[in-house]
>>> print(open('entry.pdb').read())   # PDB, C-alpha atoms
ATOM      1  CA  MET A 600       0.000   0.000   0.000
ATOM      2  CA  ALA A 601       1.318   3.437  -0.879
ATOM      3  CA  THR A 602       1.926   5.905   1.923
ATOM      4  CA  ALA A 603       1.355   9.644   1.901
ATOM      5  CA  GLY A 604       5.071  10.376   1.374
ATOM      6  CA  ASP A 605       5.297   8.165  -1.690
ATOM      7  CA  GLY A 606       3.729  10.820  -3.934
ATOM      8  CA  PRO A 607       3.569  10.020  -7.629
ATOM      9  CA  TRP A 608       6.169   7.239  -7.400
ATOM     10  CA  LEU A 609       3.776   4.534  -6.164
ATOM     11  CA  ASP A 610       0.180   3.664  -6.952
ATOM     12  CA  ASP A 611      -1.918   1.218  -4.915
ATOM     13  CA  ALA A 612      -3.105  -0.707  -7.981
ATOM     14  CA  ALA A 613      -0.155  -0.354 -10.359
ATOM     15  CA  GLY A 614       2.762  -0.409  -7.910
ATOM     16  CA  ARG A 615       5.912   1.536  -8.781
ATOM     17  CA  LEU A 616       5.169   3.992 -11.584
ATOM     18  CA  VAL A 617       8.817   4.776 -12.311
ATOM     19  CA  ARG A 618      11.137   1.986 -13.428
ATOM     20  CA  PRO A 619      13.903   1.420 -10.851
ATOM     21  CA  PHE A 620      16.738   2.080 -13.282
ATOM     22  CA  THR A 621      15.377   5.532 -14.114
ATOM     23  CA  VAL A 622      16.175   6.395 -10.494
ATOM     24  CA  SER A 623      19.875   5.840 -11.230
ATOM     25  CA  ASN A 624      19.689   7.368 -14.724
ATOM     26  CA  GLY A 625      20.246   3.917 -16.211
ATOM     27  CA  ARG A 626      23.535   3.400 -14.371
ATOM     28  CA  THR A 627      24.154  -0.118 -13.118
ATOM     29  CA  GLU A 628      27.672   0.290 -11.732
ATOM     30  CA  PRO A 629      28.277   2.152  -8.484
ATOM     31  CA  SER A 630      31.360   4.382  -8.422
ATOM     32  CA  ILE A 631      32.690   2.554  -5.327
ATOM     33  CA  ALA A 632      32.662  -1.101  -4.343
ATOM     34  CA  LEU A 633      29.750  -1.783  -2.012
ATOM     35  CA  ASP A 634      28.907  -5.193  -0.605
ATOM     36  CA  LEU A 635      25.339  -5.978   0.473
ATOM     37  CA  MET A 636      26.643  -6.089   4.048
ATOM     38  CA  SER A 637      28.621  -2.833   3.783
ATOM     39  CA  GLN A 638      27.565  -0.335   6.428
ATOM     40  CA  VAL A 639      26.668   3.200   5.340
ATOM     41  CA  MET A 640      26.049   6.189   7.585
ATOM     42  CA  ALA A 641      25.282   9.871   7.066
ATOM     43  CA  THR A 642      28.140  12.266   7.748
ATOM     44  CA  GLY A 643      26.022  15.385   8.240
ATOM     45  CA  VAL A 644      27.354  16.939   5.027
ATOM     46  CA  VAL A 645      24.557  18.334   2.871
ATOM     47  CA  PRO A 646      24.857  17.141  -0.751
ATOM     48  CA  PRO A 647      25.467  20.000  -3.175
ATOM     49  CA  GLY A 648      22.561  20.543  -5.556
ATOM     50  CA  TYR A 649      19.497  18.398  -6.050
ATOM     51  CA  LEU A 650      20.059  14.651  -6.268
ATOM     52  CA  GLY A 651      16.489  13.344  -6.305
ATOM     53  CA  PRO A 652      13.871  12.011  -3.909
ATOM     54  CA  GLU A 653      15.411   8.536  -3.630
ATOM     55  CA  HIS A 654      18.774  10.050  -2.679
ATOM     56  CA  ALA A 655      17.013  12.080   0.036
ATOM     57  CA  GLN A 656      15.199   8.973   1.301
ATOM     58  CA  ALA A 657      18.457   6.993   1.369
ATOM     59  CA  LEU A 658      20.234   9.769   3.233
ATOM     60  CA  ASP A 659      17.400   9.965   5.760
ATOM     61  CA  LEU A 660      17.558   6.185   6.340
ATOM     62  CA  CYS A 661      21.290   6.356   6.967
ATOM     63  CA  ARG A 662      21.170   8.626  10.013
ATOM     64  CA  ALA A 663      22.185   5.475  11.904
ATOM     65  CA  PRO A 664      24.493   2.795  10.464
ATOM     66  CA  LEU A 665      22.620   0.683   7.939
ATOM     67  CA  SER A 666      23.624  -2.143   5.624
ATOM     68  CA  VAL A 667      23.241  -1.757   1.872
ATOM     69  CA  ALA A 668      20.808  -4.691   1.881
ATOM     70  CA  GLU A 669      18.630  -3.014   4.530
ATOM     71  CA  ALA A 670      18.666   0.255   2.602
ATOM     72  CA  ALA A 671      17.566  -1.545  -0.579
ATOM     73  CA  ALA A 672      14.723  -3.250   1.274
ATOM     74  CA  GLN A 673      13.523  -0.029   2.892
ATOM     75  CA  LEU A 674      13.770   1.932  -0.372
ATOM     76  CA  LYS A 675      12.009  -0.927  -2.207
ATOM     77  CA  LEU A 676      14.646  -0.782  -4.955
ATOM     78  CA  PRO A 677      16.902  -3.451  -6.464
ATOM     79  CA  ALA A 678      20.255  -3.737  -4.690
ATOM     80  CA  VAL A 679      22.205  -2.583  -7.746
ATOM     81  CA  VAL A 680      20.140   0.625  -7.999
ATOM     82  CA  THR A 681      20.536   1.216  -4.264
ATOM     83  CA  LYS A 682      24.299   0.755  -4.560
ATOM     84  CA  VAL A 683      24.405   3.435  -7.280
ATOM     85  CA  LEU A 684      22.372   5.862  -5.128
ATOM     86  CA  LEU A 685      24.510   5.219  -2.069
ATOM     87  CA  SER A 686      27.750   5.567  -4.026
ATOM     88  CA  ASP A 687      26.524   8.956  -5.314
ATOM     89  CA  LEU A 688      26.038  10.040  -1.696
ATOM     90  CA  VAL A 689      29.470   8.726  -0.693
ATOM     91  CA  ASP A 690      31.036  10.571  -3.643
ATOM     92  CA  CYS A 691      29.616  13.909  -2.489
ATOM     93  CA  GLY A 692      30.636  13.296   1.134
ATOM     94  CA  ALA A 693      27.111  12.871   2.532
ATOM     95  CA  LEU A 694      27.686   9.197   3.493
ATOM     96  CA  THR A 695      30.556   7.073   4.675
ATOM     97  CA  ALA A 696      30.807   3.414   3.723
ATOM     98  CA  LYS A 697      32.534   0.699   5.694
ATOM     99  CA  PRO A 698      33.105  -2.758   4.220
ATOM    100  CA  PRO A 699      31.774  -5.717   6.185
ATOM    101  CA  ALA A 700      34.134  -7.112   8.787
ATOM    102  CA  PHE A 701      34.227 -10.882   8.660
ATOM    103  CA  HIS A 702      35.409 -12.550  11.819
ATOM    104  CA  HIS A 703      35.215 -15.828   9.954
ATOM    105  CA  HIS A 704      35.855 -16.721   6.383
ATOM    106  CA  PRO A 705      32.666 -15.666   4.490
ATOM    107  CA  THR A 706      32.269 -19.193   3.123
ATOM    108  CA  ASP A 707      32.836 -20.833   6.503
ATOM    109  CA  ARG A 708      30.509 -23.843   6.666
ATOM    110  CA  SER A 709      29.256 -23.046  10.193
ATOM    111  CA  LEU A 710      28.383 -19.483   9.150
ATOM    112  CA  LEU A 711      26.510 -20.704   6.070
ATOM    113  CA  GLU A 712      24.645 -23.302   8.145
ATOM    114  CA  ALA A 713      23.635 -20.646  10.691
ATOM    115  CA  VAL A 714      22.277 -18.454   7.880
ATOM    116  CA  LEU A 715      20.384 -21.410   6.408
ATOM    117  CA  ASP A 716      18.918 -22.290   9.825
ATOM    118  CA  GLY A 717      17.783 -18.684  10.285
ATOM    119  CA  LEU A 718      16.131 -18.658   6.877
ATOM    120  CA  ARG A 719      14.347 -21.944   7.584
ATOM    121  CA  ARG A 720      12.963 -20.522  10.844
ATOM    122  CA  GLN A 721      11.559 -17.548   8.905
ATOM    123  CA  LEU A 722       9.696 -19.797   6.457
TER     124      LEU A 722
END
>>> encode(input="entry.pdb", output="structure tokens")
Amino acid sequence: MATAGDGPWLDDAAGRLVRPFTVSNGRTEPSIALDLMSQVMATGVVPPGYLGPEHAQALDLCRAPLSVAEAAAQLKLPAVVTKVLLSDLVDCGALTAKPPAFHHHPTDRSLLEAVLDGLRRQL
């Protein structure tokens, strides 16, 4: 269901009225490497000029540390589009990005099993 702040971007019956890749001007490659688990956070720097409503929403979400995956889910945009938006904000100094810190090897069997167990509990 569309909320009052969604404006012309969402419609209850039709869903998203603007294709996700128009949000990033057709770009599919972020200017910096961002992992889905990378943490982004607002710096307090105001972006110069107008970047767009999705950039403003992303910046608002990132007042506290947030993963790229969480930002994509909250913005209701594909991860690749979200990465482009977030990289734009990092480029202008409005966000900082920190790569994920793995205490274990990311393909560690016990880590993968714990993720799988968590997913099974959700289903």
>>> resolve_selection(input="entry.pdb", expression="the PyMOL selection byres ((chain A and resi 685-693) around 12)", output="count of residues only")
57
>>> atom_distance(input="entry.pdb", atom1="CA of Met636 in chain A", atom2="CA of Pro699 in chain A")
5.6 Å
>>> atom_distance(input="entry.pdb", atom1="CA of Leu715 in chain A", atom2="CA of Ala663 in chain A")
27.5 Å
>>> axis_aligned_box(input="entry.pdb", around="range 643-652 of chain A", padding_each_side="8 Å", output="lines of an AutoDock Vina configuration file")
center_x = 20.6
center_y = 16.3
center_z = 1.0
size_x = 29.5
size_y = 24.5
size_z = 30.5
>>> atom_distance(input="entry.pdb", atom1="CA of Pro652 in chain A", atom2="CA of Glu669 in chain A")
17.9 Å
